[in-house]
>>> print(open('my_file-v5.csv').read())   # CSV, C-alpha atoms and all ligand atoms
chain,number,residue,atom,x,y,z
B,1,MET,CA,14.2,0.7,17.7
B,2,ASN,CA,16.7,-2.2,17.9
B,3,PHE,CA,18.1,-2.2,14.4
B,4,GLU,CA,20.5,-5.0,15.3
B,5,LEU,CA,17.5,-7.3,15.4
B,6,PHE,CA,16.9,-6.6,11.8
B,7,LYS,CA,20.5,-7.6,10.9
B,8,SER,CA,20.6,-10.7,13.1
B,9,ALA,CA,17.2,-12.0,11.9
B,10,ILE,CA,18.4,-11.8,8.3
B,11,GLN,CA,21.9,-13.2,9.0
B,12,ASN,CA,20.4,-16.1,10.9
B,13,ALA,CA,17.7,-16.9,8.3
B,14,LYS,CA,18.2,-19.6,5.7
B,15,ASN,CA,15.2,-18.8,3.6
B,16,ILE,CA,13.4,-15.4,3.6
B,17,LEU,CA,9.9,-14.5,2.4
B,18,ILE,CA,9.0,-10.9,1.8
B,19,ILE,CA,5.3,-10.2,1.7
B,20,SER,CA,3.5,-7.2,0.2
B,21,HIS,CA,-0.2,-6.4,0.7
B,22,VAL,CA,-3.3,-7.1,-1.4
B,23,ASN,CA,-4.1,-4.6,-4.0
B,24,PRO,CA,-0.5,-3.6,-4.1
B,25,ASP,CA,0.4,0.0,-4.2
B,26,GLY,CA,3.7,1.9,-4.9
B,27,ASP,CA,4.7,1.8,-1.2
B,28,THR,CA,4.3,-1.9,-0.6
B,29,LEU,CA,5.9,-2.8,-3.9
B,30,GLY,CA,8.8,-0.3,-3.7
B,31,SER,CA,9.6,-1.3,-0.1
B,32,MET,CA,9.5,-5.0,-1.0
B,33,SER,CA,11.8,-4.5,-3.9
B,34,ALA,CA,14.2,-2.3,-1.9
B,35,LEU,CA,14.4,-4.8,0.9
B,36,TYR,CA,15.1,-7.7,-1.6
B,37,GLN,CA,17.9,-5.7,-3.1
B,38,VAL,CA,19.4,-4.6,0.2
B,39,ILE,CA,19.5,-8.2,1.5
B,40,LEU,CA,21.2,-9.4,-1.8
B,41,ASN,CA,23.7,-6.5,-1.8
B,42,ASN,CA,24.6,-6.5,1.9
B,43,PHE,CA,24.2,-10.0,3.3
B,44,ASP,CA,25.7,-13.3,2.3
B,45,LYS,CA,22.5,-14.5,0.6
B,46,SER,CA,21.6,-15.7,-2.9
B,47,LYS,CA,18.4,-15.3,-4.9
B,48,ASP,CA,17.6,-19.0,-4.2
B,49,SER,CA,17.1,-18.1,-0.5
B,50,ILE,CA,14.8,-15.1,-0.9
B,51,ASN,CA,11.4,-14.7,-2.4
B,52,MET,CA,9.1,-11.8,-2.8
B,53,VAL,CA,5.3,-12.4,-2.9
B,54,TYR,CA,2.5,-10.3,-4.2
B,55,ASN,CA,-1.3,-10.7,-4.1
B,56,GLY,CA,-3.5,-10.0,-7.0
B,57,ILE,CA,-2.2,-7.8,-9.9
B,58,ILE,CA,0.8,-5.6,-9.9
B,59,PRO,CA,-0.5,-2.4,-11.5
B,60,GLU,CA,1.0,-1.7,-14.9
B,61,ILE,CA,2.3,1.7,-13.7
B,62,TYR,CA,4.5,0.1,-11.0
B,63,LYS,CA,6.2,-2.5,-13.3
B,64,PHE,CA,9.2,-0.2,-13.6
B,65,ILE,CA,10.1,-0.9,-10.0
B,66,PRO,CA,13.3,-3.1,-10.2
B,67,TYR,CA,13.0,-6.8,-9.8
B,68,LEU,CA,9.2,-7.0,-9.5
B,69,ASP,CA,9.3,-9.5,-12.4
B,70,GLU,CA,10.9,-11.9,-9.9
B,71,ALA,CA,8.0,-11.7,-7.4
B,72,LYS,CA,5.8,-14.7,-7.0
B,73,THR,CA,2.2,-15.4,-6.2
B,74,PRO,CA,1.3,-17.1,-2.8
B,75,LYS,CA,0.5,-20.3,-4.7
B,76,GLN,CA,3.9,-20.4,-6.3
B,77,VAL,CA,5.7,-20.4,-2.9
B,78,GLU,CA,3.2,-22.2,-0.7
B,79,ASN,CA,5.2,-25.4,-0.5
B,80,ASN,CA,8.5,-23.7,0.1
B,81,LYS,CA,10.1,-23.6,3.6
B,82,TYR,CA,11.1,-20.3,5.1
B,83,ASP,CA,12.4,-19.4,8.6
B,84,LEU,CA,11.9,-15.6,8.3
B,85,ALA,CA,8.9,-13.8,7.0
B,86,ILE,CA,9.0,-10.0,6.5
B,87,ALA,CA,5.7,-8.2,6.0
B,88,VAL,CA,6.0,-4.7,4.4
B,89,ASP,CA,3.4,-1.9,4.6
B,90,ILE,CA,0.9,-4.4,6.1
B,91,ALA,CA,-1.5,-2.6,8.5
B,92,ALA,CA,-3.3,-5.8,9.5
B,93,LYS,CA,-2.6,-9.4,9.0
B,94,ASP,CA,-5.5,-10.0,6.7
B,95,ARG,CA,-3.9,-7.6,4.2
B,96,MET,CA,-1.5,-10.5,3.4
B,97,GLY,CA,-4.4,-12.2,1.5
B,98,ASP,CA,-3.5,-15.7,0.4
B,99,ALA,CA,0.0,-15.4,1.8
B,100,LEU,CA,-1.3,-15.3,5.4
B,101,PRO,CA,-1.3,-19.0,6.1
B,102,LEU,CA,2.3,-19.2,5.0
B,103,PHE,CA,3.2,-16.2,7.1
B,104,GLU,CA,1.6,-17.8,10.2
B,105,SER,CA,3.6,-21.0,9.6
B,106,ILE,CA,7.0,-19.2,9.6
B,107,GLU,CA,8.9,-19.0,12.9
B,108,THR,CA,10.3,-15.5,12.8
B,109,LYS,CA,7.9,-12.8,11.7
B,110,MET,CA,9.2,-9.3,11.0
B,111,ASN,CA,6.7,-6.5,10.6
B,112,ILE,CA,7.9,-3.3,8.9
B,113,ASP,CA,5.1,-0.7,8.6
B,114,HIS,CA,3.9,2.9,9.1
B,115,HIS,CA,0.2,2.5,9.8
B,116,LYS,CA,-0.8,3.8,13.2
B,117,THR,CA,-3.4,1.1,13.5
B,118,ASN,CA,-0.8,-1.6,13.1
B,119,THR,CA,-1.1,-4.1,16.1
B,120,ASN,CA,2.6,-5.2,16.1
B,121,PHE,CA,1.6,-8.6,15.0
B,122,GLY,CA,5.2,-9.7,14.3
B,123,THR,CA,7.8,-11.3,16.6
B,124,ILE,CA,10.0,-8.4,15.5
B,125,ASN,CA,8.3,-5.1,14.8
B,126,PHE,CA,9.5,-1.9,13.1
B,127,VAL,CA,6.4,0.1,13.1
B,128,ARG,CA,6.5,3.9,13.0
B,129,GLY,CA,3.2,5.8,12.7
B,130,ASP,CA,5.1,9.1,12.2
B,131,ALA,CA,6.7,7.9,8.9
B,132,CYS,CA,5.2,9.0,5.6
B,133,SER,CA,5.6,5.5,4.1
B,134,CYS,CA,7.0,2.1,4.7
B,135,GLY,CA,9.7,3.2,2.3
B,136,GLU,CA,10.8,5.8,4.8
B,137,VAL,CA,10.9,3.3,7.7
B,138,MET,CA,12.9,1.0,5.4
B,139,LEU,CA,15.4,3.7,4.4
B,140,ASP,CA,16.0,4.6,8.1
B,141,ILE,CA,16.7,1.0,9.0
B,142,PHE,CA,19.2,0.7,6.1
B,143,ASN,CA,20.9,4.0,7.1
B,144,ALA,CA,21.0,3.1,10.8
B,145,LEU,CA,22.9,-0.1,9.9
B,146,ASP,CA,25.0,1.6,7.2
B,147,LEU,CA,23.8,-0.8,4.5
B,148,LYS,CA,24.6,-0.1,0.9
B,149,ILE,CA,21.8,1.5,-1.2
B,150,ASP,CA,22.5,1.4,-4.9
B,151,LYS,CA,20.7,3.2,-7.7
B,152,ASN,CA,17.9,0.5,-8.2
B,153,THR,CA,17.3,0.4,-4.5
B,154,ALA,CA,17.0,4.2,-4.4
B,155,CYS,CA,14.6,4.1,-7.3
B,156,ALA,CA,12.3,1.6,-5.5
B,157,LEU,CA,12.4,3.6,-2.2
B,158,TYR,CA,11.7,6.9,-4.0
B,159,ALA,CA,8.7,5.3,-5.7
B,160,ALA,CA,7.4,4.2,-2.3
B,161,ILE,CA,7.8,7.6,-0.7
B,162,LEU,CA,6.5,9.5,-3.8
B,163,THR,CA,3.3,7.5,-4.1
B,164,ASP,CA,2.4,7.3,-0.5
B,165,THR,CA,2.7,11.0,-0.1
B,166,GLY,CA,0.6,11.6,-3.3
B,167,GLY,CA,3.6,13.1,-5.0
B,168,PHE,CA,4.7,15.0,-1.8
B,169,ARG,CA,1.3,16.7,-1.4
B,170,TYR,CA,-0.4,14.9,1.5
B,171,GLU,CA,-0.3,15.7,5.3
B,172,ASN,CA,2.3,13.0,5.8
B,173,THR,CA,4.9,15.0,3.8
B,174,THR,CA,7.4,16.5,6.2
B,175,ALA,CA,10.8,18.1,6.1
B,176,GLN,CA,12.1,14.6,6.9
B,177,THR,CA,10.3,13.2,3.9
B,178,LEU,CA,11.9,15.7,1.5
B,179,LEU,CA,15.3,15.2,3.0
B,180,ARG,CA,15.0,11.5,2.4
B,181,ALA,CA,13.8,12.1,-1.2
B,182,SER,CA,16.8,14.3,-1.7
B,183,GLU,CA,19.1,11.6,-0.3
B,184,LEU,CA,17.6,9.1,-2.7
B,185,ILE,CA,18.0,11.4,-5.7
B,186,LYS,CA,21.7,11.7,-4.7
B,187,LEU,CA,21.9,7.9,-4.7
B,188,GLY,CA,20.6,7.8,-8.3
B,189,ALA,CA,16.8,7.9,-8.2
B,190,ASN,CA,15.5,9.9,-11.2
B,191,PRO,CA,12.6,12.0,-10.0
B,192,SER,CA,11.0,13.1,-13.3
B,193,GLN,CA,11.2,9.6,-14.8
B,194,ILE,CA,9.7,8.0,-11.7
B,195,SER,CA,6.9,10.6,-11.6
B,196,ARG,CA,6.2,9.9,-15.3
B,197,TYR,CA,5.9,6.2,-14.6
B,198,CYS,CA,3.7,6.7,-11.6
B,199,TYR,CA,1.4,9.5,-12.8
B,200,GLU,CA,1.5,9.7,-16.6
B,201,SER,CA,1.4,6.1,-17.7
B,202,LYS,CA,-2.2,5.1,-17.1
B,203,PRO,CA,-3.9,2.7,-19.4
B,204,ARG,CA,-6.5,4.4,-21.6
B,205,ASN,CA,-9.4,2.4,-20.3
B,206,MET,CA,-8.5,3.3,-16.7
B,207,VAL,CA,-9.0,7.0,-17.5
B,208,LEU,CA,-12.2,6.2,-19.3
B,209,LEU,CA,-13.5,4.2,-16.4
B,210,HIS,CA,-12.7,7.1,-14.1
B,211,ALA,CA,-14.6,9.5,-16.3
B,212,ASN,CA,-17.6,7.2,-16.2
B,213,CYS,CA,-17.4,6.9,-12.4
B,214,MET,CA,-17.2,10.7,-12.0
B,215,ILE,CA,-20.3,11.2,-14.1
B,216,ASN,CA,-22.1,8.9,-11.7
B,217,ALA,CA,-20.7,10.2,-8.4
B,218,GLU,CA,-23.1,10.9,-5.6
B,219,PHE,CA,-23.0,13.7,-3.1
B,220,PHE,CA,-24.4,14.0,0.4
B,221,ASP,CA,-24.8,16.6,3.1
B,222,ASN,CA,-24.2,19.8,1.1
B,223,ASN,CA,-21.5,18.0,-1.0
B,224,LYS,CA,-19.3,17.4,2.1
B,225,ILE,CA,-19.5,13.7,1.4
B,226,ALA,CA,-18.7,12.5,-2.1
B,227,GLY,CA,-18.9,8.9,-3.2
B,228,ILE,CA,-18.8,6.4,-6.0
B,229,CYS,CA,-20.2,2.9,-6.3
B,230,ILE,CA,-18.5,0.6,-8.8
B,231,THR,CA,-20.2,-2.6,-9.9
B,232,ASN,CA,-18.6,-5.5,-11.7
B,233,LYS,CA,-20.7,-4.5,-14.7
B,234,ASP,CA,-18.9,-1.1,-14.8
B,235,MET,CA,-15.6,-2.9,-14.6
B,236,GLU,CA,-16.5,-5.3,-17.5
B,237,LYS,CA,-17.7,-2.4,-19.7
B,238,PHE,CA,-14.2,-1.0,-19.6
B,239,HIS,CA,-12.4,-4.3,-19.5
B,240,ALA,CA,-10.9,-3.0,-16.3
B,241,SER,CA,-8.6,-5.0,-14.1
B,242,ASN,CA,-8.9,-4.5,-10.3
B,243,ASP,CA,-6.2,-1.9,-10.1
B,244,TYR,CA,-8.0,0.4,-12.5
B,245,THR,CA,-10.0,1.9,-9.6
B,246,GLU,CA,-6.8,3.2,-8.0
B,247,GLY,CA,-6.8,7.0,-7.6
B,248,LEU,CA,-10.6,7.5,-7.9
B,249,VAL,CA,-11.1,8.2,-4.3
B,250,GLU,CA,-8.4,10.9,-4.3
B,251,GLU,CA,-9.9,12.5,-7.4
B,252,LEU,CA,-13.2,12.9,-5.6
B,253,ARG,CA,-11.5,14.5,-2.6
B,254,ARG,CA,-10.1,17.1,-5.0
B,255,ILE,CA,-13.5,18.8,-5.2
B,256,LYS,CA,-13.4,21.9,-3.0
B,257,THR,CA,-16.5,21.1,-1.0
B,258,THR,CA,-15.5,17.4,-0.3
B,259,GLU,CA,-14.6,16.7,3.3
B,260,VAL,CA,-14.8,12.9,3.0
B,261,SER,CA,-14.7,10.8,-0.2
B,262,PHE,CA,-15.3,7.2,-0.6
B,263,VAL,CA,-15.4,4.4,-3.2
B,264,VAL,CA,-17.5,1.3,-2.7
B,265,LYS,CA,-16.5,-1.4,-5.1
B,266,GLU,CA,-18.4,-4.6,-5.6
B,267,VAL,CA,-16.4,-7.8,-4.9
B,268,ASP,CA,-19.4,-10.1,-5.2
B,269,GLU,CA,-23.1,-9.7,-4.6
B,270,ASN,CA,-22.7,-9.8,-0.8
B,271,THR,CA,-19.2,-8.2,-0.4
B,272,SER,CA,-18.1,-4.6,-1.0
B,273,LYS,CA,-14.6,-3.1,-0.7
B,274,VAL,CA,-14.4,0.4,0.6
B,275,SER,CA,-11.7,3.1,0.3
B,276,LEU,CA,-12.0,6.3,2.3
B,277,ARG,CA,-10.2,9.6,2.1
B,278,SER,CA,-10.6,12.8,4.1
B,279,LYS,CA,-9.4,16.3,4.3
B,280,THR,CA,-9.9,16.8,8.1
B,281,ALA,CA,-12.0,14.1,9.7
B,282,ASP,CA,-10.5,10.8,11.0
B,283,VAL,CA,-11.8,8.2,8.6
B,284,SER,CA,-9.7,5.4,10.2
B,285,VAL,CA,-12.5,5.5,12.8
B,286,VAL,CA,-15.1,4.8,10.1
B,287,ALA,CA,-13.0,1.9,8.7
B,288,GLN,CA,-12.6,0.4,12.1
B,289,VAL,CA,-16.4,0.2,12.6
B,290,PHE,CA,-16.3,-2.3,9.7
B,291,ASN,CA,-13.1,-4.1,11.0
B,292,GLY,CA,-10.8,-2.2,8.6
B,293,GLY,CA,-8.1,0.3,9.4
B,294,GLY,CA,-5.6,2.7,8.0
B,295,HIS,CA,-4.5,6.3,8.5
B,296,THR,CA,-6.4,9.4,9.7
B,297,PHE,CA,-7.0,10.7,6.1
B,298,ALA,CA,-6.8,7.4,4.2
B,299,ALA,CA,-8.4,4.2,5.3
B,300,GLY,CA,-10.2,1.1,4.0
B,301,CYS,CA,-12.4,-1.8,4.9
B,302,THR,CA,-14.6,-4.6,3.6
B,303,ILE,CA,-18.4,-4.6,4.2
B,304,ARG,CA,-20.2,-7.9,3.9
B,305,LYS,CA,-23.2,-6.3,2.1
B,306,PRO,CA,-24.2,-5.5,-1.5
B,307,VAL,CA,-22.8,-2.3,-2.8
B,308,ASN,CA,-25.9,-0.1,-2.2
B,309,ILE,CA,-26.5,-1.2,1.3
B,310,ALA,CA,-22.8,-0.9,2.1
B,311,LYS,CA,-22.9,2.6,0.8
B,312,ASP,CA,-25.9,3.6,3.0
B,313,LYS,CA,-24.2,2.1,6.1
B,314,LEU,CA,-21.0,3.9,5.2
B,315,VAL,CA,-22.6,7.3,4.8
B,316,GLU,CA,-24.2,6.9,8.2
B,317,GLU,CA,-20.8,6.3,9.8
B,318,ILE,CA,-19.1,9.1,7.9
B,319,ARG,CA,-21.8,11.5,9.2
B,320,LYS,CA,-20.8,10.6,12.8
B,321,VAL,CA,-17.1,11.6,12.3
B,322,LEU,CA,-18.1,14.8,10.5
B,323,GLY,CA,-20.1,15.7,13.6
E,401,MN,MN,2.1,2.7,2.8
>>> encode(input="my_file-v5.csv", output="structure tokens", more="lines below")
Ligand SMILES: [Mn+2]
Amino acid sequence: MNFELFKSAIQNAKNILIISHVNPDGDTLGSMSALYQVILNNFDKSKDSINMVYNGIIPEIYKFIPYLDEAKTPKQVENNKYDLAIAVDIAAKDRMGDALPLFESIETKMNIDHHKTNTNFGTINFVRGDACSCGEVMLDIFNALDLKIDKNTACALYAAILTDTGGFRYENTTAQTLLRASELIKLGANPSQISRYCYESKPRNMVLLHANCMINAEFFDNNKIAGICITNKDMEKFHASNDYTEGLVEELRRIKTTEVSFVVKEVDENTSKVSLRSKTADVSVVAQVFNGGGHTFAAGCTIRKPVNIAKDKLVEEIRKVLG
């Protein structure tokens, strides 16, 4: 990887836009915040020349990540001029949501990511499928260039790594992951505090929505496949915002018999959003059937069908990867 390209692109840029993905998670938000801070702390740039952009709602639990209160919506920045765009944790361009037209119009496009299905859509690409998170790719770039990482930057990167490894429990957790976590703690990240924010700060109705979903979960093929369908009616019943469904698909995977878990969520009467998790099978293959993508054990897609039909089609495809 040519890290000097990172440096020169930032040095040469007048105005920089950092873009996180739709339905933001801890990795995309933590990485975005860290990058914002590193640019401000290491380059001759002011806040007027850098914007962060998010799509949808920043989940309550991630609001502790430094500087996210300065992030803007695509609408707030659409008339600004930028010469460098940096996409963080974005597996495919459509994950930029409403920020995509702006991204396309910006001359230099940097793509920093860790999804193995990433197509290197940038003009400069830092994509490492072996990294546990975008936060890890980011930290390695900062270290390679000897950039200063302060306490708030370390906190943001730690949140990115912690959440994308499911609290250091998933297959993407390696010796390298823990070394980097250790390094970030030395730089000032507070592990117990960050864990409490990420895992013990859920809104009450989010937990109640999860309970309701669990009661209505469906099981297929000797319980190897476990799934939940969520309608807008369910969401209304619990006054749930979109981020309230986060974590459900992992909860279903926790069942001993589960090989593949899924959540199908109603977007509108003809559109369903799908999350997939697996213990052994490659669910990125399933997501790709529906033009989605992701990782071996965690993937997602959108199916242009009502929830129940989408679910049937999905179960059919999951059966194929389970063999
Ligand atoms: Mn990620």
>>> closest_atom_pairs(input="my_file-v5.csv", of="chain B", to="ligand MN 401 (chain E)", cutoff="8 Å", atoms="only C-alpha atoms and all ligand atoms", output="JSON lines")
{"residue": "B:Asp25", "atom": "CA", "partner": "E:MN401", "partner_atom": "MN", "distance": 7.7}
{"residue": "B:Gly26", "atom": "CA", "partner": "E:MN401", "partner_atom": "MN", "distance": 7.9}
{"residue": "B:Asp27", "atom": "CA", "partner": "E:MN401", "partner_atom": "MN", "distance": 4.9}
{"residue": "B:Thr28", "atom": "CA", "partner": "E:MN401", "partner_atom": "MN", "distance": 6.1}
{"residue": "B:Asp89", "atom": "CA", "partner": "E:MN401", "partner_atom": "MN", "distance": 5.1}
{"residue": "B:Ile90", "atom": "CA", "partner": "E:MN401", "partner_atom": "MN", "distance": 7.9}
{"residue": "B:Asp113", "atom": "CA", "partner": "E:MN401", "partner_atom": "MN", "distance": 7.4}
{"residue": "B:His114", "atom": "CA", "partner": "E:MN401", "partner_atom": "MN", "distance": 6.6}
{"residue": "B:His115", "atom": "CA", "partner": "E:MN401", "partner_atom": "MN", "distance": 7.3}
{"residue": "B:Cys132", "atom": "CA", "partner": "E:MN401", "partner_atom": "MN", "distance": 7.6}
{"residue": "B:Ser133", "atom": "CA", "partner": "E:MN401", "partner_atom": "MN", "distance": 4.7}
{"residue": "B:Cys134", "atom": "CA", "partner": "E:MN401", "partner_atom": "MN", "distance": 5.3}
{"residue": "B:Gly135", "atom": "CA", "partner": "E:MN401", "partner_atom": "MN", "distance": 7.6}
{"residue": "B:Ala160", "atom": "CA", "partner": "E:MN401", "partner_atom": "MN", "distance": 7.5}
{"residue": "B:Asp164", "atom": "CA", "partner": "E:MN401", "partner_atom": "MN", "distance": 5.7}
>>> closest_atom_pairs(input="my_file-v5.csv", of="range 20-109 of chain B", to="range 194-214 of chain B", cutoff="8 Å", atoms="only C-alpha atoms", output="CSV")
residue,atom,partner,partner_atom,distance
B:Glu60,CA,B:Lys202,CA,7.8
B:Ile61,CA,B:Cys198,CA,5.6
B:Tyr62,CA,B:Cys198,CA,6.7
B:Phe64,CA,B:Tyr197,CA,7.3
>>> atom_distance(input="my_file-v5.csv", atom1="CA of Ala298 in chain B", atom2="CA of Thr177 in chain B")
18.1 Å
>>> residues_near_point(input="my_file-v5.csv", point="(13.8, -22.1, 6.1)", cutoff="9 Å", atoms="all atoms listed in the file", output="number ranges by chain")
B: 13-16, 49, 80-84, 106-107
>>> residues_around(input="my_file-v5.csv", residues="Thr280 in chain B", least_positions_apart="3", cutoff="9 Å", atoms="all atoms listed in the file", output="PDB file with C-alpha atoms, in the coordinates of the input")
ATOM      1  CA  GLU B 259     -14.600  16.700   3.300  1.00  0.00           C
ATOM      2  CA  VAL B 260     -14.800  12.900   3.000  1.00  0.00           C
ATOM      3  CA  VAL B 283     -11.800   8.200   8.600  1.00  0.00           C
ATOM      4  CA  THR B 296      -6.400   9.400   9.700  1.00  0.00           C
ATOM      5  CA  PHE B 297      -7.000  10.700   6.100  1.00  0.00           C
ATOM      6  CA  LEU B 322     -18.100  14.800  10.500  1.00  0.00           C
TER       7      LEU B 322
END
>>> residues_around(input="my_file-v5.csv", residues="Gln288 in chain B", least_positions_apart="6", cutoff="9 Å", atoms="all atoms listed in the file", output="list in words")
Gly294, Ala299, Gly300 and Cys301 of chain B
>>> closest_residue(input="my_file-v5.csv", among="B:Ser182, B:Arg304, B:Met52, B:Leu100", to="Val267 in chain B", atoms="all atoms listed in the file")
B:Arg304
>>> closest_residue(input="my_file-v5.csv", among="B:Ser278, B:Glu316, B:Glu246, B:Asp234", to="Asp221 in chain B", atoms="all atoms listed in the file")
B:Glu316
>>> closest_residue(input="my_file-v5.csv", among="B:Glu171, B:Glu250, B:Glu317, B:Asp48", to="Ala131 in chain B", atoms="only C-alpha atoms")
B:Glu171
>>> residues_around(input="my_file-v5.csv", residues="Phe262 in chain B", least_positions_apart="5", cutoff="10 Å", atoms="only C-alpha atoms", output="list in words")
Ala217, Glu218, Ile225, Ala226, Gly227, Ile228, Cys229, Leu248, Val249, Glu250, Leu252, Arg253, Val274, Ser275, Leu276, Arg277, Ser278, Val283, Ala298, Ala299, Gly300, Lys311, Leu314, Val315 and Ile318 of chain B
>>> closest_residue(input="my_file-v5.csv", among="B:Tyr54, B:Phe238, B:Tyr158, B:Phe121", to="Asn190 in chain B", atoms="only C-alpha atoms")
B:Tyr158
>>> residues_around(input="my_file-v5.csv", residues="Ile39 in chain B", least_positions_apart="4", cutoff="12 Å", atoms="only C-alpha atoms", output="PyMOL selection string")
chain B and resi 6-11+13+15-18+32-35+43-47+49-52+86+138+142+147-150+153
>>> atom_distance(input="my_file-v5.csv", atom1="CA of Glu104 in chain B", atom2="CA of Asn55 in chain B")
16.2 Å
>>> atom_distance(input="my_file-v5.csv", atom1="CA of Thr108 in chain B", atom2="CA of Asp146 in chain B")
23.2 Å
